[in-house]
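Have a look at model-v4.cif below; it lists mmCIF, C-alpha atoms.
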```
data_structure
#
loop_
_atom_site.label_atom_id
_atom_site.label_comp_id
_atom_site.auth_asym_id
_atom_site.auth_seq_id
_atom_site.Cartn_x
_atom_site.Cartn_y
_atom_site.Cartn_z
CA MET A 226 1.09 13.39 -14.03
CA ALA A 227 1.05 12.02 -10.55
CA ARG A 228 1.20 8.32 -9.96
CA ALA A 229 -2.22 6.79 -9.29
CA MET A 230 -3.01 3.30 -8.05
CA ILE A 231 -6.36 1.62 -8.65
CA LYS A 232 -7.25 -1.85 -7.45
CA VAL A 233 -10.37 -3.70 -8.56
CA PRO A 234 -11.08 -7.45 -8.80
CA GLU A 235 -10.17 -8.80 -12.24
CA ARG A 236 -13.34 -10.78 -12.80
CA LEU A 237 -16.74 -10.00 -11.40
CA ARG A 238 -20.11 -11.67 -11.22
CA ARG A 239 -23.09 -9.62 -12.38
CA GLY A 240 -24.93 -8.15 -9.40
CA GLU A 241 -21.96 -8.50 -7.06
CA ALA A 242 -20.90 -5.53 -4.91
CA PHE A 243 -17.14 -5.08 -5.12
CA GLU A 244 -14.54 -2.82 -3.57
CA ILE A 245 -12.54 -0.24 -5.53
CA ARG A 246 -9.37 1.02 -3.86
CA THR A 247 -7.67 4.18 -5.11
CA LEU A 248 -4.62 6.19 -4.18
CA ILE A 249 -2.90 9.10 -5.88
CA ALA A 250 0.49 10.65 -5.15
CA HIS A 251 -0.16 14.18 -3.88
CA PRO A 252 1.22 16.28 -0.99
CA MET A 253 -2.25 17.52 0.14
CA GLU A 254 -0.61 20.70 1.45
CA THR A 255 -3.05 21.99 4.06
CA GLY A 256 -2.40 25.72 3.73
CA PHE A 257 -2.15 25.91 7.53
CA ARG A 258 1.56 25.12 7.85
CA SER A 259 3.90 28.01 8.52
CA LYS A 260 7.04 28.42 6.48
CA GLU A 261 10.35 28.91 8.16
CA GLY A 262 10.96 32.64 8.02
CA GLY A 263 7.26 33.53 8.14
CA GLY A 264 4.11 33.14 6.08
CA LEU A 265 2.17 30.01 5.24
CA VAL A 266 2.91 27.24 2.76
CA PRO A 267 0.15 27.78 0.14
CA ARG A 268 -2.72 25.30 0.16
CA ASP A 269 -2.56 22.68 -2.59
CA ILE A 270 -5.03 19.82 -2.23
CA ILE A 271 -7.09 17.46 -4.33
CA SER A 272 -10.56 18.68 -3.45
CA ARG A 273 -12.69 16.49 -5.70
CA PHE A 274 -12.72 12.82 -6.67
CA VAL A 275 -15.25 11.19 -9.01
CA CYS A 276 -15.72 7.60 -10.18
CA ARG A 277 -17.82 6.89 -13.28
CA TYR A 278 -18.91 3.44 -14.40
CA ASN A 279 -19.55 3.33 -18.15
CA GLY A 280 -20.05 7.09 -18.03
CA GLU A 281 -22.41 7.24 -15.05
CA GLN A 282 -21.25 8.62 -11.70
CA VAL A 283 -21.35 5.91 -9.01
CA PHE A 284 -19.26 7.63 -6.32
CA ALA A 285 -17.77 11.04 -5.61
CA ALA A 286 -16.00 12.74 -2.75
CA THR A 287 -15.19 16.28 -1.70
CA LEU A 288 -11.92 16.29 0.21
CA TYR A 289 -10.56 18.76 2.75
CA PRO A 290 -7.02 19.36 4.08
CA ALA A 291 -7.60 16.82 6.89
CA ILE A 292 -7.22 14.02 4.31
CA THR A 293 -3.68 12.60 4.32
CA ALA A 294 -1.01 13.16 1.71
CA ASN A 295 -1.39 10.60 -1.10
CA PRO A 296 -5.15 10.43 -0.54
CA TYR A 297 -6.54 6.91 -0.25
CA ILE A 298 -10.22 6.33 -0.96
CA ALA A 299 -11.90 2.92 -1.09
CA PHE A 300 -15.59 2.37 -1.81
CA HIS A 301 -17.98 -0.12 -3.40
CA THR A 302 -20.21 -0.40 -6.42
CA VAL A 303 -22.29 -3.14 -8.06
CA ALA A 304 -20.99 -5.03 -11.10
CA THR A 305 -23.62 -4.40 -13.78
CA ASP A 306 -21.83 -4.69 -17.13
CA SER A 307 -18.34 -5.13 -18.49
CA GLY A 308 -16.79 -1.82 -19.40
CA VAL A 309 -14.75 1.04 -18.05
CA LEU A 310 -14.35 2.56 -14.61
CA GLU A 311 -13.08 6.11 -14.92
CA PHE A 312 -11.51 7.98 -12.03
CA SER A 313 -10.77 11.68 -11.86
CA TRP A 314 -8.95 13.72 -9.24
CA THR A 315 -9.23 17.51 -9.40
CA ASP A 316 -7.03 19.92 -7.47
CA ASP A 317 -7.65 23.44 -6.13
CA ARG A 318 -6.41 24.97 -9.38
CA GLY A 319 -8.95 22.98 -11.39
CA SER A 320 -6.51 20.64 -13.09
CA THR A 321 -7.79 17.09 -13.37
CA GLN A 322 -6.04 13.77 -13.70
CA THR A 323 -8.10 10.93 -15.15
CA GLU A 324 -7.33 7.21 -15.10
CA SER A 325 -9.44 4.31 -16.24
CA VAL A 326 -9.55 0.54 -15.88
CA ARG A 327 -11.50 -2.07 -17.81
CA ILE A 328 -13.56 -4.59 -15.89
CA VAL A 329 -15.04 -7.88 -17.03
CA VAL A 330 -18.46 -8.85 -15.65
CA GLU A 331 -19.65 -12.37 -16.26
CA MET B 705 18.88 21.42 15.08
CA LEU B 706 16.98 19.57 12.37
CA ALA B 707 14.46 18.33 14.90
CA HIS B 708 14.04 21.89 16.05
CA ALA B 709 13.39 23.08 12.48
CA GLY B 710 10.65 20.45 12.21
CA GLY B 711 9.11 21.81 15.38
CA VAL B 712 8.83 25.27 13.85
CA LEU B 713 6.58 23.86 11.12
CA CYS B 714 4.26 22.34 13.72
CA LEU B 715 3.21 25.53 15.50
CA ALA B 716 -0.26 24.82 16.76
CA LEU B 717 -3.22 27.10 16.30
CA VAL B 718 -4.70 27.73 19.71
CA ARG B 719 -8.45 27.41 19.78
CA GLY B 720 -10.70 26.91 22.78
CA VAL B 721 -12.48 23.58 23.27
CA HIS B 722 -15.88 25.26 23.30
CA ALA B 723 -15.18 27.21 20.12
CA ALA B 724 -14.01 24.02 18.39
CA ARG B 725 -17.12 22.11 19.45
CA ALA B 726 -19.37 24.97 18.30
CA ASP B 727 -17.60 25.08 14.92
CA MET B 728 -18.19 21.36 14.42
CA GLU B 729 -21.86 21.60 15.45
CA ARG B 730 -22.30 24.47 12.98
CA ALA B 731 -20.74 22.47 10.13
CA ILE B 732 -22.96 19.47 10.94
CA THR B 733 -26.13 21.60 11.01
CA GLU B 734 -25.13 23.11 7.68
CA PHE B 735 -24.71 19.60 6.21
CA SER B 736 -28.15 18.44 7.40
CA GLY B 737 -29.79 21.72 6.45
CA GLY B 738 -31.08 21.92 10.01
CA ALA B 739 -32.87 18.53 9.83
CA PRO B 740 -32.76 16.48 13.04
CA ILE B 741 -29.92 13.95 13.33
CA ALA B 742 -30.33 10.75 15.35
CA ALA B 743 -27.58 8.48 16.62
CA GLY B 744 -27.41 5.12 14.82
CA ARG B 745 -27.59 3.51 11.36
CA VAL B 746 -24.18 4.83 10.27
CA ARG B 747 -21.02 3.37 11.80
CA LEU B 748 -17.73 5.22 12.13
CA ASP B 749 -14.68 3.06 12.65
CA VAL B 750 -11.60 4.97 13.80
CA PRO B 751 -9.02 3.60 16.24
CA GLU B 752 -9.62 5.03 19.71
CA LEU B 753 -5.91 5.24 20.41
CA VAL B 754 -3.71 6.56 17.61
CA GLU B 755 0.07 6.63 17.76
CA ASN B 756 0.61 8.76 14.66
CA GLY B 757 -1.85 11.53 13.81
CA ASN B 758 -0.37 11.88 10.31
CA SER B 759 -2.34 8.91 8.99
CA VAL B 760 -5.40 7.59 10.77
CA PRO B 761 -7.60 5.01 9.04
CA VAL B 762 -11.27 6.01 8.90
CA VAL B 763 -14.13 3.76 7.73
CA VAL B 764 -17.77 4.80 7.45
CA SER B 765 -20.45 2.21 6.78
CA VAL B 766 -24.19 1.64 6.80
CA ASP B 767 -25.48 -1.91 7.09
CA GLY B 768 -28.25 -3.33 4.96
CA PRO B 769 -29.03 -3.80 1.28
CA VAL B 770 -28.79 -0.92 -1.18
CA THR B 771 -31.77 -0.78 -3.56
CA PRO B 772 -33.01 1.77 -6.13
CA ASP B 773 -35.37 3.23 -3.51
CA ARG B 774 -33.36 2.64 -0.31
CA PHE B 775 -29.84 3.96 -0.44
CA VAL B 776 -27.43 6.35 1.23
CA ARG B 777 -27.11 9.73 -0.47
CA ARG B 778 -24.12 11.21 1.36
CA ILE B 779 -21.85 10.62 4.33
CA ALA B 780 -19.85 13.48 5.79
CA VAL B 781 -17.00 13.20 8.28
CA PHE B 782 -16.23 16.03 10.68
CA ASN B 783 -13.57 16.66 13.30
CA GLU B 784 -13.48 18.88 16.31
CA LYS B 785 -9.99 20.32 16.57
CA ASN B 786 -8.15 20.36 13.25
CA PRO B 787 -7.95 23.87 11.74
CA GLN B 788 -10.95 22.97 9.52
CA THR B 789 -13.97 21.00 10.75
CA HIS B 790 -14.63 19.18 7.46
CA VAL B 791 -12.74 15.99 6.63
CA ALA B 792 -14.62 14.64 3.60
CA VAL B 793 -18.08 14.34 2.06
CA PHE B 794 -18.79 11.10 0.19
CA GLU B 795 -21.57 10.98 -2.40
CA LEU B 796 -23.00 7.50 -2.81
CA GLY B 797 -26.35 6.51 -4.31
CA PRO B 798 -28.39 3.55 -5.53
CA ARG B 799 -25.42 1.96 -7.30
CA ALA B 800 -23.18 1.73 -4.21
CA GLY B 801 -23.95 -1.96 -3.67
CA ARG B 802 -22.49 -1.81 -0.20
CA VAL B 803 -22.03 1.29 1.92
CA HIS B 804 -18.49 0.98 3.19
CA VAL B 805 -16.03 3.81 2.48
CA SER B 806 -12.44 3.94 3.73
CA THR B 807 -9.93 6.77 3.79
CA ARG B 808 -7.09 8.12 5.92
CA MET B 809 -7.04 11.39 7.80
CA ARG B 810 -4.71 13.64 9.77
CA MET B 811 -5.39 14.50 13.38
CA ALA B 812 -3.82 17.58 14.91
CA GLU B 813 -4.62 16.35 18.43
CA SER B 814 -6.93 14.13 20.49
CA GLN B 815 -10.50 14.92 19.56
CA ALA B 816 -13.98 13.76 18.57
CA ILE B 817 -14.68 12.54 15.04
CA VAL B 818 -18.29 12.51 13.81
CA ALA B 819 -19.86 10.85 10.76
CA VAL B 820 -23.29 11.92 9.49
CA ALA B 821 -25.20 9.96 6.84
CA GLU B 822 -28.08 11.25 4.73
CA LEU B 823 -30.38 8.42 3.61
CA SER B 824 -32.65 8.39 0.56
CA ASP B 825 -35.72 8.89 2.80
CA GLY B 826 -34.27 12.25 3.89
CA THR B 827 -33.32 11.15 7.42
CA PHE B 828 -29.92 11.91 8.98
CA TRP B 829 -27.98 9.56 11.25
CA SER B 830 -24.69 9.92 13.06
CA ASP B 831 -21.91 8.17 14.94
CA ARG B 832 -19.13 9.66 17.06
CA VAL B 833 -15.73 8.41 18.22
CA GLU B 834 -13.39 10.04 20.72
CA VAL B 835 -9.82 9.55 19.54
CA VAL B 836 -6.67 9.91 21.63
CA VAL B 837 -3.61 10.89 19.57
CA THR B 838 -0.15 10.43 21.06
CA LEU B 839 1.85 11.95 18.15
CA ALA B 840 -0.04 14.78 16.46
CA ALA B 841 0.01 15.54 12.74
CA CYS B 842 1.84 18.63 11.50
CA LEU B 843 -1.31 20.33 10.24
CA GLU B 844 -0.42 23.89 11.04
#
```

Starting from the file, give its structure as C-alpha coordinates.
Amino acid sequence: MARAMIKVPERLRRGEAFEIRTLIAHPMETGFRSKEGGGLVPRDIISRFVCRYNGEQVFAATLYPAITANPYIAFHTVATDSGVLEFSWTDDRGSTQTESVRIVVE
Amino acid sequence: MLAHAGGVLCLALVRGVHAARADMERAITEFSGGAPIAAGRVRLDVPELVENGNSVPVVVSVDGPVTPDRFVRRIAVFNEKNPQTHVAVFELGPRAGRVHVSTRMRMAESQAIVAVAELSDGTFWSDRVEVVVTLAACLE
(Lines of atoms letter the chains of each structure in order from A and count residues from 1; the text may use other names and numbers.)
(Lines give C-alpha, C1' and ligand atoms only; values in the text may rest on other atoms or scores of the structure.)
Protein backbone atom coordinates (compact mmCIF):
# COMPACT_ATOMS: atom_id res chain seq x y z
CA MET A 1 0.00 0.00 0.00
CA ALA A 2 1.29 3.38 -0.94
CA ARG A 3 1.17 6.21 1.51
CA ALA A 4 -1.79 8.55 0.95
CA MET A 5 -2.44 11.92 2.53
CA ILE A 6 -5.91 13.42 2.80
CA LYS A 7 -6.66 16.79 4.35
CA VAL A 8 -10.17 18.00 5.12
CA PRO A 9 -11.42 20.48 7.74
CA GLU A 10 -12.30 18.71 11.00
CA ARG A 11 -15.64 20.40 11.54
CA LEU A 12 -17.94 21.71 8.87
CA ARG A 13 -21.09 23.77 8.70
CA ARG A 14 -23.96 22.32 6.68
CA GLY A 15 -24.10 23.91 3.24
CA GLU A 16 -20.48 25.07 3.35
CA ALA A 17 -18.19 24.37 0.38
CA PHE A 18 -14.87 23.00 1.61
CA GLU A 19 -11.58 21.97 0.09
CA ILE A 20 -10.30 18.38 0.06
CA ARG A 21 -6.57 17.96 -0.57
CA THR A 22 -5.17 14.57 -1.55
CA LEU A 23 -1.77 13.15 -2.37
CA ILE A 24 -0.59 9.59 -2.91
CA ALA A 25 2.96 8.26 -3.14
CA HIS A 26 3.42 6.97 -6.70
CA PRO A 27 6.20 7.30 -9.31
CA MET A 28 3.79 8.12 -12.19
CA GLU A 29 6.26 6.55 -14.62
CA THR A 30 5.40 8.14 -17.97
CA GLY A 31 6.35 5.28 -20.29
CA PHE A 32 8.26 7.79 -22.43
CA ARG A 33 11.59 7.63 -20.60
CA SER A 34 14.36 5.62 -22.19
CA LYS A 35 16.32 3.13 -20.15
CA GLU A 36 20.06 3.19 -20.16
CA GLY A 37 21.06 0.47 -22.59
CA GLY A 38 17.95 0.87 -24.75
CA GLY A 39 14.19 0.44 -24.54
CA LEU A 40 11.67 2.39 -22.52
CA VAL A 41 10.86 2.29 -18.81
CA PRO A 42 7.34 0.75 -18.82
CA ARG A 43 4.45 3.11 -18.12
CA ASP A 44 3.03 2.86 -14.60
CA ILE A 45 0.60 5.60 -13.65
CA ILE A 46 -2.48 6.18 -11.55
CA SER A 47 -5.01 6.85 -14.27
CA ARG A 48 -8.19 7.23 -12.24
CA PHE A 49 -9.15 8.98 -9.01
CA VAL A 50 -12.64 9.02 -7.49
CA CYS A 51 -14.07 10.68 -4.38
CA ARG A 52 -17.39 9.46 -2.95
CA TYR A 53 -19.32 11.23 -0.21
CA ASN A 54 -21.54 8.79 1.71
CA GLY A 55 -21.42 6.52 -1.33
CA GLU A 56 -22.19 9.10 -4.00
CA GLN A 57 -19.51 10.28 -6.42
CA VAL A 58 -18.79 14.00 -5.96
CA PHE A 59 -15.53 14.26 -7.91
CA ALA A 60 -13.42 12.14 -10.24
CA ALA A 61 -10.36 12.61 -12.39
CA THR A 62 -8.70 10.82 -15.27
CA LEU A 63 -4.95 11.35 -15.07
CA TYR A 64 -2.29 11.19 -17.77
CA PRO A 65 1.52 10.87 -17.58
CA ALA A 66 1.88 14.68 -17.49
CA ILE A 67 0.71 14.62 -13.85
CA THR A 68 3.65 14.70 -11.44
CA ALA A 69 4.97 11.82 -9.37
CA ASN A 70 3.05 11.62 -6.07
CA PRO A 71 -0.07 13.05 -7.71
CA TYR A 72 -1.67 15.92 -5.83
CA ILE A 73 -5.33 16.71 -6.42
CA ALA A 74 -7.35 19.28 -4.49
CA PHE A 75 -11.02 20.04 -5.11
CA HIS A 76 -14.18 21.15 -3.32
CA THR A 77 -17.52 19.74 -2.30
CA VAL A 78 -20.47 20.90 -0.18
CA ALA A 79 -20.90 19.67 3.40
CA THR A 80 -24.32 18.00 3.40
CA ASP A 81 -24.23 15.38 6.17
CA SER A 82 -21.79 13.86 8.60
CA GLY A 83 -20.35 10.64 7.26
CA VAL A 84 -17.55 9.21 5.19
CA LEU A 85 -15.48 10.54 2.33
CA GLU A 86 -14.00 7.66 0.38
CA PHE A 87 -11.08 8.08 -2.00
CA SER A 88 -9.84 5.58 -4.53
CA TRP A 89 -6.79 5.64 -6.78
CA THR A 90 -6.58 3.08 -9.60
CA ASP A 91 -3.45 2.32 -11.59
CA ASP A 92 -2.93 1.09 -15.16
CA ARG A 93 -3.04 -2.53 -14.01
CA GLY A 94 -6.45 -2.01 -12.42
CA SER A 95 -5.34 -2.27 -8.81
CA THR A 96 -7.10 0.20 -6.54
CA GLN A 97 -6.15 1.73 -3.22
CA THR A 98 -9.00 3.09 -1.13
CA GLU A 99 -8.81 5.40 1.88
CA SER A 100 -11.58 7.03 3.84
CA VAL A 101 -12.04 9.80 6.37
CA ARG A 102 -14.98 10.64 8.61
CA ILE A 103 -16.32 14.17 8.60
CA VAL A 104 -18.59 15.90 11.09
CA VAL A 105 -21.16 18.36 9.71
CA GLU A 106 -22.98 20.55 12.19
CA MET B 1 29.63 10.95 -15.17
CA LEU B 2 26.50 10.73 -13.05
CA ALA B 3 25.19 13.96 -14.51
CA HIS B 4 25.82 12.52 -17.93
CA ALA B 5 23.85 9.36 -17.08
CA GLY B 6 20.92 11.58 -16.06
CA GLY B 7 21.13 13.31 -19.41
CA VAL B 8 20.70 10.00 -21.22
CA LEU B 9 17.31 9.55 -19.54
CA CYS B 10 16.17 12.96 -20.76
CA LEU B 11 16.46 12.37 -24.50
CA ALA B 12 13.82 14.58 -26.02
CA LEU B 13 11.30 13.48 -28.58
CA VAL B 14 11.57 15.84 -31.51
CA ARG B 15 8.21 17.02 -32.77
CA GLY B 16 7.46 20.02 -34.93
CA VAL B 17 5.62 23.01 -33.44
CA HIS B 18 2.85 22.75 -36.01
CA ALA B 19 2.35 19.05 -35.42
CA ALA B 20 2.20 19.64 -31.66
CA ARG B 21 -0.37 22.42 -32.04
CA ALA B 22 -2.48 20.26 -34.38
CA ASP B 23 -2.36 17.36 -31.90
CA MET B 24 -3.62 19.61 -29.10
CA GLU B 25 -6.40 21.08 -31.28
CA ARG B 26 -7.47 17.54 -32.19
CA ALA B 27 -7.60 16.46 -28.53
CA ILE B 28 -9.64 19.56 -27.63
CA THR B 29 -12.13 18.98 -30.47
CA GLU B 30 -12.49 15.38 -29.35
CA PHE B 31 -13.24 16.55 -25.79
CA SER B 32 -15.94 19.01 -26.92
CA GLY B 33 -17.37 16.56 -29.44
CA GLY B 34 -16.93 19.27 -32.07
CA ALA B 35 -19.07 21.82 -30.16
CA PRO B 36 -17.85 25.43 -30.39
CA ILE B 37 -15.55 26.61 -27.59
CA ALA B 38 -15.48 30.26 -26.51
CA ALA B 39 -12.79 32.00 -24.47
CA GLY B 40 -13.89 32.90 -20.93
CA ARG B 41 -15.79 31.56 -17.89
CA VAL B 42 -13.05 29.07 -16.95
CA ARG B 43 -9.78 30.35 -15.50
CA LEU B 44 -6.45 28.55 -15.77
CA ASP B 45 -3.80 29.60 -13.28
CA VAL B 46 -0.30 28.41 -14.14
CA PRO B 47 2.87 30.40 -13.48
CA GLU B 48 4.05 32.07 -16.69
CA LEU B 49 7.68 31.51 -15.80
CA VAL B 50 8.60 28.12 -14.37
CA GLU B 51 12.03 27.25 -13.04
CA ASN B 52 11.45 23.51 -12.68
CA GLY B 53 9.28 21.68 -15.20
CA ASN B 54 9.12 18.61 -12.96
CA SER B 55 6.38 20.12 -10.79
CA VAL B 56 4.25 23.00 -11.99
CA PRO B 57 1.18 24.02 -9.98
CA VAL B 58 -2.00 24.16 -12.06
CA VAL B 59 -5.37 25.52 -10.87
CA VAL B 60 -8.58 25.52 -12.88
CA SER B 61 -11.61 27.42 -11.63
CA VAL B 62 -15.01 28.73 -12.68
CA ASP B 63 -16.52 31.60 -10.71
CA GLY B 64 -20.11 31.71 -9.56
CA PRO B 65 -22.47 29.60 -7.48
CA VAL B 66 -22.93 25.90 -8.14
CA THR B 67 -26.60 24.85 -8.08
CA PRO B 68 -28.48 21.65 -9.02
CA ASP B 69 -29.23 23.10 -12.45
CA ARG B 70 -26.13 25.28 -13.02
CA PHE B 71 -22.88 23.45 -12.56
CA VAL B 72 -19.67 22.45 -14.31
CA ARG B 73 -19.66 18.94 -15.74
CA ARG B 74 -16.00 18.52 -16.68
CA ILE B 75 -12.77 20.46 -17.02
CA ALA B 76 -9.95 19.12 -19.16
CA VAL B 77 -6.37 20.37 -19.23
CA PHE B 78 -4.25 20.00 -22.35
CA ASN B 79 -0.65 20.79 -23.24
CA GLU B 80 1.05 21.44 -26.51
CA LYS B 81 4.47 19.81 -26.36
CA ASN B 82 4.66 16.98 -23.84
CA PRO B 83 4.66 13.54 -25.51
CA GLN B 84 0.90 13.30 -24.78
CA THR B 85 -1.52 16.21 -25.18
CA HIS B 86 -3.79 15.25 -22.26
CA VAL B 87 -2.92 16.31 -18.72
CA ALA B 88 -6.10 15.51 -16.77
CA VAL B 89 -9.89 15.47 -17.04
CA PHE B 90 -11.78 16.46 -13.90
CA GLU B 91 -15.40 15.39 -13.44
CA LEU B 92 -17.34 17.75 -11.20
CA GLY B 93 -21.10 18.16 -10.95
CA PRO B 94 -23.86 19.76 -8.88
CA ARG B 95 -22.21 18.83 -5.57
CA ALA B 96 -18.91 20.62 -6.25
CA GLY B 97 -19.86 23.64 -4.12
CA ARG B 98 -17.04 25.64 -5.59
CA VAL B 99 -15.27 24.98 -8.88
CA HIS B 100 -11.61 25.21 -7.98
CA VAL B 101 -9.34 22.23 -8.72
CA SER B 102 -5.59 22.15 -8.12
CA THR B 103 -2.94 19.71 -9.27
CA ARG B 104 0.71 19.63 -10.34
CA MET B 105 2.02 18.79 -13.78
CA ARG B 106 5.26 18.12 -15.63
CA MET B 107 6.35 20.27 -18.53
CA ALA B 108 8.85 18.94 -21.03
CA GLU B 109 9.50 22.44 -22.39
CA SER B 110 8.04 25.94 -22.79
CA GLN B 111 4.57 25.63 -24.24
CA ALA B 112 0.88 26.55 -24.18
CA ILE B 113 -1.45 25.03 -21.60
CA VAL B 114 -5.20 25.06 -22.29
CA ALA B 115 -8.16 24.38 -19.98
CA VAL B 116 -11.61 23.61 -21.40
CA ALA B 117 -14.74 23.50 -19.22
CA GLU B 118 -18.04 21.86 -20.11
CA LEU B 119 -20.97 23.50 -18.29
CA SER B 120 -24.32 21.91 -17.47
CA ASP B 121 -26.00 23.92 -20.26
CA GLY B 122 -23.77 22.12 -22.78
CA THR B 123 -21.55 25.11 -23.56
CA PHE B 124 -17.73 24.88 -23.67
CA TRP B 125 -15.34 27.57 -22.44
CA SER B 126 -11.57 27.81 -22.44
CA ASP B 127 -8.53 29.61 -21.12
CA ARG B 128 -4.92 29.45 -22.32
CA VAL B 129 -1.57 30.27 -20.72
CA GLU B 130 1.83 30.39 -22.41
CA VAL B 131 4.42 29.00 -20.00
CA VAL B 132 8.18 29.47 -20.21
CA VAL B 133 10.14 26.61 -18.61
CA THR B 134 13.80 27.13 -17.75
CA LEU B 135 14.52 23.57 -16.49
CA ALA B 136 12.50 20.96 -18.37
CA ALA B 137 11.02 17.81 -16.84
CA CYS B 138 12.53 14.44 -17.73
CA LEU B 139 9.42 13.20 -19.50
CA GLU B 140 11.05 11.19 -22.22

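Interatomic distance, atom CA of B:Arg799 to atom CA of A:Val303: 6.0 Å.
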
Can you give me, as an MDAnalysis selection string, the residues this file yields under the PyMOL selection byres ((chain B) within 7 of (chain A))?
chainID B and resid 712:713 758:759 790:797 799:810 843:844

Could you give me, as a PyMOL selection string, the residues within 12 Å of B:Ile732, counting only C-alpha atoms and dropping anything in the same chain fewer than 2 positions from it?
chain B and resi 725-730+734-741+779-784+789-791+793+817-822+828-830

Please evaluate the PyMOL selection byres ((chain B and resi 840) around 7) against the displayed coordinates and give the resulting residues as a PyMOL selection string.
chain B and resi 756-758+811-813+837-839+841-842

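In this structure, atom CA of B:Val764 sits 27.7 Å away from atom CA of A:Val329.
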
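You will find atom CA of B:Val750 at 26.5 Å from atom CA of A:Thr315.
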
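For the set B:Ala723, B:Val746, B:Val836, B:Gly826, the residue with the smallest atom-to-atom gap to B:Gly768 is B:Val746, counting only C-alpha atoms.
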
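Nearest residue to A:Thr321, choosing from A:Lys232, A:Gly308, A:Ala227, A:Pro267 and counting all atoms listed in the file: A:Ala227.
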
Go through B:Gln815, B:Arg778, B:Lys785, B:Val754 one by one, measure the shortest atom-to-atom distance of each to B:Arg832 using only C-alpha atoms, and give the residue with the smallest value.
B:Gln815
